[in-house]
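Engineer: The structure under discussion is supplied below as C-alpha coordinates; questions concerning it will follow.
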Amino acid sequence: YKNSEKFSRRILKKFPDNASALLNLGNIAYCKGDYETAFQFYEAVYKNNKASYIAVVNMANTCYDLGRFVKALDYARKALKLYPSSVDAYIISGNSYIELGRYEKAENCLLRALDLRNDNPWIYTSLSRLYQKIENWDKALEAGWNAVLYAGEAQKDQHINFGYLLYE
(Lines give C-alpha, C1' and ligand atoms only; values in the text may rest on other atoms or scores of the structure.)
Protein backbone atom coordinates (compact mmCIF):
# COMPACT_ATOMS: atom_id res chain seq x y z
CA TYR A 1 0.00 0.00 0.00
CA LYS A 2 2.87 2.33 0.78
CA ASN A 3 4.09 2.76 -2.81
CA SER A 4 0.60 2.93 -4.22
CA GLU A 5 -0.32 5.65 -1.73
CA LYS A 6 2.88 7.56 -2.48
CA PHE A 7 2.23 7.61 -6.23
CA SER A 8 -1.45 8.51 -5.80
CA ARG A 9 -0.56 11.46 -3.57
CA ARG A 10 2.07 12.55 -6.08
CA ILE A 11 -0.59 12.58 -8.82
CA LEU A 12 -2.96 14.55 -6.60
CA LYS A 13 -0.35 17.28 -6.11
CA LYS A 14 -0.49 17.97 -9.86
CA PHE A 15 -4.12 17.02 -10.43
CA PRO A 16 -6.11 17.45 -7.18
CA ASP A 17 -9.32 16.02 -8.63
CA ASN A 18 -7.84 12.95 -10.31
CA ALA A 19 -10.52 10.30 -9.84
CA SER A 20 -8.19 7.32 -10.22
CA ALA A 21 -5.82 8.57 -7.52
CA LEU A 22 -8.70 9.43 -5.18
CA LEU A 23 -10.34 6.03 -5.72
CA ASN A 24 -7.00 4.31 -5.16
CA LEU A 25 -6.47 6.14 -1.88
CA GLY A 26 -10.02 5.26 -0.87
CA ASN A 27 -9.36 1.61 -1.65
CA ILE A 28 -6.13 1.64 0.36
CA ALA A 29 -7.91 3.17 3.35
CA TYR A 30 -10.74 0.65 2.98
CA CYS A 31 -8.33 -2.30 2.89
CA LYS A 32 -6.68 -0.97 6.03
CA GLY A 33 -10.08 -0.81 7.76
CA ASP A 34 -10.15 2.99 7.86
CA TYR A 35 -13.68 3.28 6.50
CA GLU A 36 -14.18 6.94 7.42
CA THR A 37 -11.16 7.99 5.37
CA ALA A 38 -12.13 5.66 2.53
CA PHE A 39 -15.58 7.24 2.43
CA GLN A 40 -14.06 10.73 2.23
CA PHE A 41 -11.99 9.77 -0.81
CA TYR A 42 -14.94 8.13 -2.56
CA GLU A 43 -17.10 11.13 -1.74
CA ALA A 44 -14.51 13.47 -3.28
CA VAL A 45 -14.76 11.53 -6.54
CA TYR A 46 -18.56 11.60 -6.40
CA LYS A 47 -18.67 15.36 -5.76
CA ASN A 48 -16.68 15.93 -8.96
CA ASN A 49 -18.58 13.34 -10.99
CA LYS A 50 -22.13 12.38 -10.00
CA ALA A 51 -22.05 9.73 -12.75
CA SER A 52 -19.21 7.77 -11.15
CA TYR A 53 -20.76 4.38 -10.48
CA ILE A 54 -17.62 3.04 -8.80
CA ALA A 55 -17.54 5.94 -6.32
CA VAL A 56 -21.22 5.51 -5.46
CA VAL A 57 -21.11 1.74 -5.03
CA ASN A 58 -17.94 2.07 -2.92
CA MET A 59 -19.72 4.68 -0.77
CA ALA A 60 -22.65 2.27 -0.34
CA ASN A 61 -20.35 -0.58 0.67
CA THR A 62 -18.38 1.63 3.05
CA CYS A 63 -21.56 2.91 4.70
CA TYR A 64 -22.63 -0.70 5.18
CA ASP A 65 -19.32 -1.50 6.87
CA LEU A 66 -19.74 1.58 9.08
CA GLY A 67 -23.16 0.31 10.17
CA ARG A 68 -24.96 3.14 8.38
CA PHE A 69 -27.48 0.91 6.70
CA VAL A 70 -29.99 3.57 5.62
CA LYS A 71 -27.20 5.58 3.96
CA ALA A 72 -25.87 2.38 2.38
CA LEU A 73 -29.31 1.85 0.84
CA ASP A 74 -29.40 5.45 -0.43
CA TYR A 75 -26.07 5.06 -2.20
CA ALA A 76 -26.94 1.58 -3.48
CA ARG A 77 -30.09 3.06 -5.07
CA LYS A 78 -27.96 5.75 -6.73
CA ALA A 79 -25.60 3.06 -7.98
CA LEU A 80 -28.53 1.16 -9.46
CA LYS A 81 -29.71 4.27 -11.26
CA LEU A 82 -26.26 4.56 -12.84
CA TYR A 83 -25.88 0.84 -13.49
CA PRO A 84 -29.21 -1.03 -13.23
CA SER A 85 -27.62 -4.48 -13.40
CA SER A 86 -25.20 -3.92 -10.53
CA VAL A 87 -24.96 -7.17 -8.61
CA ASP A 88 -22.89 -5.42 -5.93
CA ALA A 89 -25.55 -2.74 -5.36
CA TYR A 90 -28.24 -5.41 -5.00
CA ILE A 91 -26.09 -7.37 -2.52
CA ILE A 92 -25.38 -4.24 -0.46
CA SER A 93 -29.08 -3.39 -0.50
CA GLY A 94 -30.06 -6.90 0.52
CA ASN A 95 -27.55 -7.01 3.35
CA SER A 96 -28.61 -3.55 4.55
CA TYR A 97 -32.25 -4.61 4.57
CA ILE A 98 -31.31 -7.70 6.59
CA GLU A 99 -29.64 -5.47 9.18
CA LEU A 100 -32.73 -3.26 9.26
CA GLY A 101 -35.01 -6.26 9.76
CA ARG A 102 -36.78 -5.72 6.43
CA TYR A 103 -36.52 -9.30 5.31
CA GLU A 104 -38.93 -9.30 2.37
CA LYS A 105 -37.10 -6.39 0.76
CA ALA A 106 -33.78 -8.10 1.50
CA GLU A 107 -34.93 -11.26 -0.23
CA ASN A 108 -36.17 -9.31 -3.26
CA CYS A 109 -32.80 -7.57 -3.67
CA LEU A 110 -30.77 -10.73 -3.22
CA LEU A 111 -32.94 -12.74 -5.60
CA ARG A 112 -32.57 -9.94 -8.16
CA ALA A 113 -28.78 -10.19 -7.73
CA LEU A 114 -29.06 -13.94 -8.20
CA ASP A 115 -31.03 -13.43 -11.42
CA LEU A 116 -28.15 -11.32 -12.70
CA ARG A 117 -25.35 -13.60 -11.53
CA ASN A 118 -26.20 -17.04 -10.22
CA ASP A 119 -22.61 -18.14 -9.59
CA ASN A 120 -21.68 -15.51 -6.98
CA PRO A 121 -21.06 -17.20 -3.60
CA TRP A 122 -21.63 -13.95 -1.68
CA ILE A 123 -25.23 -13.76 -2.86
CA TYR A 124 -25.84 -17.26 -1.53
CA THR A 125 -24.08 -16.43 1.72
CA SER A 126 -26.33 -13.40 2.19
CA LEU A 127 -29.43 -15.42 1.30
CA SER A 128 -28.40 -18.08 3.79
CA ARG A 129 -27.97 -15.43 6.48
CA LEU A 130 -31.39 -13.99 5.62
CA TYR A 131 -33.10 -17.38 5.79
CA GLN A 132 -31.42 -18.11 9.12
CA LYS A 133 -32.86 -14.86 10.50
CA ILE A 134 -36.38 -15.89 9.51
CA GLU A 135 -35.73 -19.50 10.58
CA ASN A 136 -36.31 -21.01 7.16
CA TRP A 137 -33.67 -23.67 7.69
CA ASP A 138 -34.28 -25.59 4.45
CA LYS A 139 -33.64 -22.51 2.33
CA ALA A 140 -30.76 -21.44 4.59
CA LEU A 141 -29.05 -24.81 4.10
CA GLU A 142 -29.64 -24.79 0.35
CA ALA A 143 -28.26 -21.26 -0.04
CA GLY A 144 -25.34 -22.01 2.29
CA TRP A 145 -24.44 -25.12 0.33
CA ASN A 146 -24.60 -23.18 -2.95
CA ALA A 147 -22.23 -20.62 -1.43
CA VAL A 148 -19.75 -23.42 -0.72
CA LEU A 149 -20.14 -24.91 -4.20
CA TYR A 150 -19.61 -21.63 -6.03
CA ALA A 151 -16.83 -20.45 -3.73
CA GLY A 152 -14.62 -23.46 -4.28
CA GLU A 153 -11.53 -23.95 -2.17
CA ALA A 154 -10.32 -20.38 -2.54
CA GLN A 155 -12.99 -18.89 -0.29
CA LYS A 156 -12.81 -20.33 3.20
CA ASP A 157 -15.47 -17.93 4.57
CA GLN A 158 -18.33 -19.80 2.91
CA HIS A 159 -17.06 -23.10 4.30
CA ILE A 160 -16.91 -21.66 7.82
CA ASN A 161 -20.37 -20.11 7.43
CA PHE A 162 -21.80 -23.42 6.25
CA GLY A 163 -20.22 -25.26 9.19
CA TYR A 164 -21.80 -22.77 11.57
CA LEU A 165 -25.14 -23.16 9.78
CA LEU A 166 -24.96 -26.95 10.24
CA TYR A 167 -24.24 -26.40 13.90
CA GLU A 168 -27.31 -24.17 14.22
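Letters A, B, ... go to the chains of the C-alpha coordinates in the order shown; residues in each chain start at 1; ligands are counted from 1 in the same order.
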Using only C-alpha atoms, determine which residues lie at most 12 Å from segment 50-59 of chain A, disregarding the query and same-chain residues fewer than 3 positions distant; provide the list as an NGL selection string.

Structural biologist: :A and (19-20 or 22-27 or 29-30 or 35-47 or 62-66 or 68-69 or 71-93)

Engineer: Would you save the residues of that selection, restricted to N, CA and C atoms, as a short mmCIF file (atom, residue, chain, number, x, y, z; two decimals), in the first residue's frame?

Structural biologist:
data_model
loop_
_atom_site.label_atom_id
_atom_site.label_comp_id
_atom_site.auth_asym_id
_atom_site.auth_seq_id
_atom_site.Cartn_x
_atom_site.Cartn_y
_atom_site.Cartn_z
N ALA A 19 -9.63 11.33 -10.38
CA ALA A 19 -10.52 10.30 -9.84
C ALA A 19 -9.78 8.99 -9.55
N SER A 20 -8.90 8.59 -10.43
CA SER A 20 -8.19 7.32 -10.22
C SER A 20 -7.34 7.36 -8.96
N LEU A 22 -7.79 9.35 -6.34
CA LEU A 22 -8.70 9.43 -5.18
C LEU A 22 -9.32 8.06 -4.87
N LEU A 23 -9.77 7.37 -5.92
CA LEU A 23 -10.34 6.03 -5.72
C LEU A 23 -9.29 5.08 -5.15
N ASN A 24 -8.07 5.17 -5.66
CA ASN A 24 -7.00 4.31 -5.16
C ASN A 24 -6.75 4.57 -3.68
N LEU A 25 -6.68 5.82 -3.29
CA LEU A 25 -6.47 6.14 -1.88
C LEU A 25 -7.65 5.67 -1.03
N GLY A 26 -8.84 5.78 -1.58
CA GLY A 26 -10.02 5.26 -0.87
C GLY A 26 -9.92 3.75 -0.69
N ASN A 27 -9.49 3.06 -1.73
CA ASN A 27 -9.36 1.61 -1.65
C ASN A 27 -8.28 1.18 -0.65
N ALA A 29 -7.34 2.93 2.02
CA ALA A 29 -7.91 3.17 3.35
C ALA A 29 -8.92 2.07 3.71
N TYR A 30 -9.73 1.70 2.73
CA TYR A 30 -10.74 0.65 2.98
C TYR A 30 -10.06 -0.66 3.36
N TYR A 35 -12.51 3.05 7.34
CA TYR A 35 -13.68 3.28 6.50
C TYR A 35 -14.06 4.75 6.40
N GLU A 36 -13.86 5.51 7.46
CA GLU A 36 -14.18 6.94 7.42
C GLU A 36 -13.34 7.65 6.35
N THR A 37 -12.05 7.37 6.35
CA THR A 37 -11.16 7.99 5.37
C THR A 37 -11.50 7.49 3.96
N ALA A 38 -11.76 6.22 3.83
CA ALA A 38 -12.13 5.66 2.53
C ALA A 38 -13.36 6.38 2.00
N PHE A 39 -14.36 6.56 2.85
CA PHE A 39 -15.58 7.24 2.43
C PHE A 39 -15.28 8.65 1.94
N GLN A 40 -14.40 9.36 2.63
CA GLN A 40 -14.06 10.73 2.23
C GLN A 40 -13.44 10.77 0.82
N PHE A 41 -12.59 9.81 0.53
CA PHE A 41 -11.99 9.77 -0.81
C PHE A 41 -13.04 9.45 -1.87
N TYR A 42 -13.90 8.48 -1.59
CA TYR A 42 -14.94 8.13 -2.56
C TYR A 42 -15.90 9.30 -2.76
N GLU A 43 -16.20 9.98 -1.66
CA GLU A 43 -17.10 11.13 -1.74
C GLU A 43 -16.50 12.26 -2.57
N ALA A 44 -15.19 12.44 -2.47
CA ALA A 44 -14.51 13.47 -3.28
C ALA A 44 -14.66 13.18 -4.77
N VAL A 45 -14.56 11.91 -5.14
CA VAL A 45 -14.76 11.53 -6.54
C VAL A 45 -16.20 11.82 -6.95
N TYR A 46 -17.13 11.44 -6.10
CA TYR A 46 -18.56 11.60 -6.40
C TYR A 46 -18.94 13.08 -6.53
N LYS A 47 -18.37 13.93 -5.69
CA LYS A 47 -18.67 15.36 -5.76
C LYS A 47 -18.25 15.96 -7.11
N THR A 62 -19.06 1.08 1.87
CA THR A 62 -18.38 1.63 3.05
C THR A 62 -19.38 2.01 4.13
N CYS A 63 -20.51 2.59 3.72
CA CYS A 63 -21.56 2.91 4.70
C CYS A 63 -22.06 1.64 5.37
N TYR A 64 -22.21 0.57 4.59
CA TYR A 64 -22.63 -0.70 5.18
C TYR A 64 -21.63 -1.14 6.25
N ASP A 65 -20.34 -1.08 5.91
CA ASP A 65 -19.32 -1.50 6.87
C ASP A 65 -19.25 -0.59 8.09
N LEU A 66 -19.68 0.65 7.94
CA LEU A 66 -19.74 1.58 9.08
C LEU A 66 -21.01 1.40 9.90
N ARG A 68 -24.01 2.10 8.80
CA ARG A 68 -24.96 3.14 8.38
C ARG A 68 -25.82 2.56 7.26
N PHE A 69 -26.75 1.71 7.66
CA PHE A 69 -27.48 0.91 6.70
C PHE A 69 -28.45 1.72 5.84
N LYS A 71 -28.05 4.88 4.93
CA LYS A 71 -27.20 5.58 3.96
C LYS A 71 -26.67 4.60 2.91
N ALA A 72 -26.34 3.40 3.34
CA ALA A 72 -25.87 2.38 2.38
C ALA A 72 -26.96 2.13 1.33
N LEU A 73 -28.20 2.05 1.78
CA LEU A 73 -29.31 1.85 0.84
C LEU A 73 -29.45 3.04 -0.11
N ASP A 74 -29.30 4.25 0.42
CA ASP A 74 -29.40 5.45 -0.43
C ASP A 74 -28.36 5.41 -1.55
N TYR A 75 -27.14 5.10 -1.19
CA TYR A 75 -26.07 5.06 -2.20
C TYR A 75 -26.23 3.86 -3.14
N ALA A 76 -26.71 2.75 -2.62
CA ALA A 76 -26.94 1.58 -3.48
C ALA A 76 -28.02 1.91 -4.52
N ARG A 77 -29.05 2.65 -4.11
CA ARG A 77 -30.09 3.06 -5.07
C ARG A 77 -29.49 3.96 -6.15
N LYS A 78 -28.62 4.88 -5.74
CA LYS A 78 -27.96 5.75 -6.73
C LYS A 78 -27.11 4.92 -7.68
N ALA A 79 -26.43 3.93 -7.13
CA ALA A 79 -25.60 3.06 -7.98
C ALA A 79 -26.47 2.32 -8.99
N LEU A 80 -27.64 1.88 -8.55
CA LEU A 80 -28.53 1.16 -9.46
C LEU A 80 -29.11 2.07 -10.54
N LYS A 81 -29.26 3.33 -10.23
CA LYS A 81 -29.71 4.27 -11.26
C LYS A 81 -28.63 4.44 -12.33
N LEU A 82 -27.37 4.42 -11.90
CA LEU A 82 -26.26 4.56 -12.84
C LEU A 82 -25.99 3.26 -13.59
N TYR A 83 -26.20 2.15 -12.92
CA TYR A 83 -25.88 0.84 -13.49
C TYR A 83 -26.93 -0.16 -13.00
N PRO A 84 -28.07 -0.24 -13.70
CA PRO A 84 -29.21 -1.03 -13.23
C PRO A 84 -28.95 -2.52 -13.01
N SER A 85 -27.91 -3.06 -13.59
CA SER A 85 -27.62 -4.48 -13.40
C SER A 85 -26.44 -4.71 -12.45
N SER A 86 -26.29 -3.81 -11.49
CA SER A 86 -25.20 -3.92 -10.53
C SER A 86 -25.49 -4.98 -9.47
N VAL A 87 -24.82 -6.10 -9.59
CA VAL A 87 -24.96 -7.17 -8.61
C VAL A 87 -24.51 -6.66 -7.24
N ASP A 88 -23.41 -5.92 -7.21
CA ASP A 88 -22.89 -5.42 -5.93
C ASP A 88 -23.91 -4.53 -5.23
N ALA A 89 -24.56 -3.64 -5.97
CA ALA A 89 -25.55 -2.74 -5.36
C ALA A 89 -26.73 -3.53 -4.80
N TYR A 90 -27.14 -4.58 -5.51
CA TYR A 90 -28.24 -5.41 -5.00
C TYR A 90 -27.81 -6.18 -3.74
N ILE A 91 -26.58 -6.66 -3.72
CA ILE A 91 -26.09 -7.37 -2.52
C ILE A 91 -26.02 -6.41 -1.33
N ILE A 92 -25.47 -5.24 -1.55
CA ILE A 92 -25.38 -4.24 -0.46
C ILE A 92 -26.77 -3.89 0.03
N SER A 93 -27.70 -3.70 -0.89
CA SER A 93 -29.08 -3.39 -0.50
C SER A 93 -29.67 -4.54 0.31
#

Engineer: Excluding Gly152 of chain A and its own-chain neighbours fewer than 6 positions away, which residues fall within 10 Å of it when counting only C-alpha atoms? Please give them as number ranges by chain.

Structural biologist: A: 121, 158-159

Engineer: Taking only C-alpha atoms into account, which of A:Ala113, A:Ile98, A:Val148, A:Ile160 comes nearest Ile134 of chain A?

Structural biologist: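 Counting only C-alpha atoms, the residue closest to Ile134 of chain A is A:Ile98.
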
Engineer: When DSSP is applied to the backbone of this structure, which of chain A are assigned helix (DSSP H, G or I)? Write them out as a PyMOL selection string.

Structural biologist: chain A and resi 2-14+19-31+35-48+53-65+69-82+87-99+103-116+121-133+137-151+156-167

Engineer: Using only C-alpha atoms, which of A:Leu110, A:Leu166, A:Leu12, A:Leu100 sits nearest Asp138 of chain A?

Structural biologist: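 The shortest atom-to-atom distance to Asp138 of chain A comes from A:Leu166.
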
Engineer: Tell me, in Å to one decimal, how far atom CA of Gly33 of chain A is from atom CA of Lys2 of chain A.

Structural biologist: 15.0 Å

Engineer: Could you check how far atom CA of Lys105 of chain A sits from atom CA of Leu127 of chain A, in Å to one decimal?

Structural biologist: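 That distance, rounded to one decimal, is 11.9 Å.
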
Engineer: To one decimal place, how far is atom CA of Thr125 of chain A from atom CA of Lys156 of chain A in Å?

Structural biologist: 12.0 Å
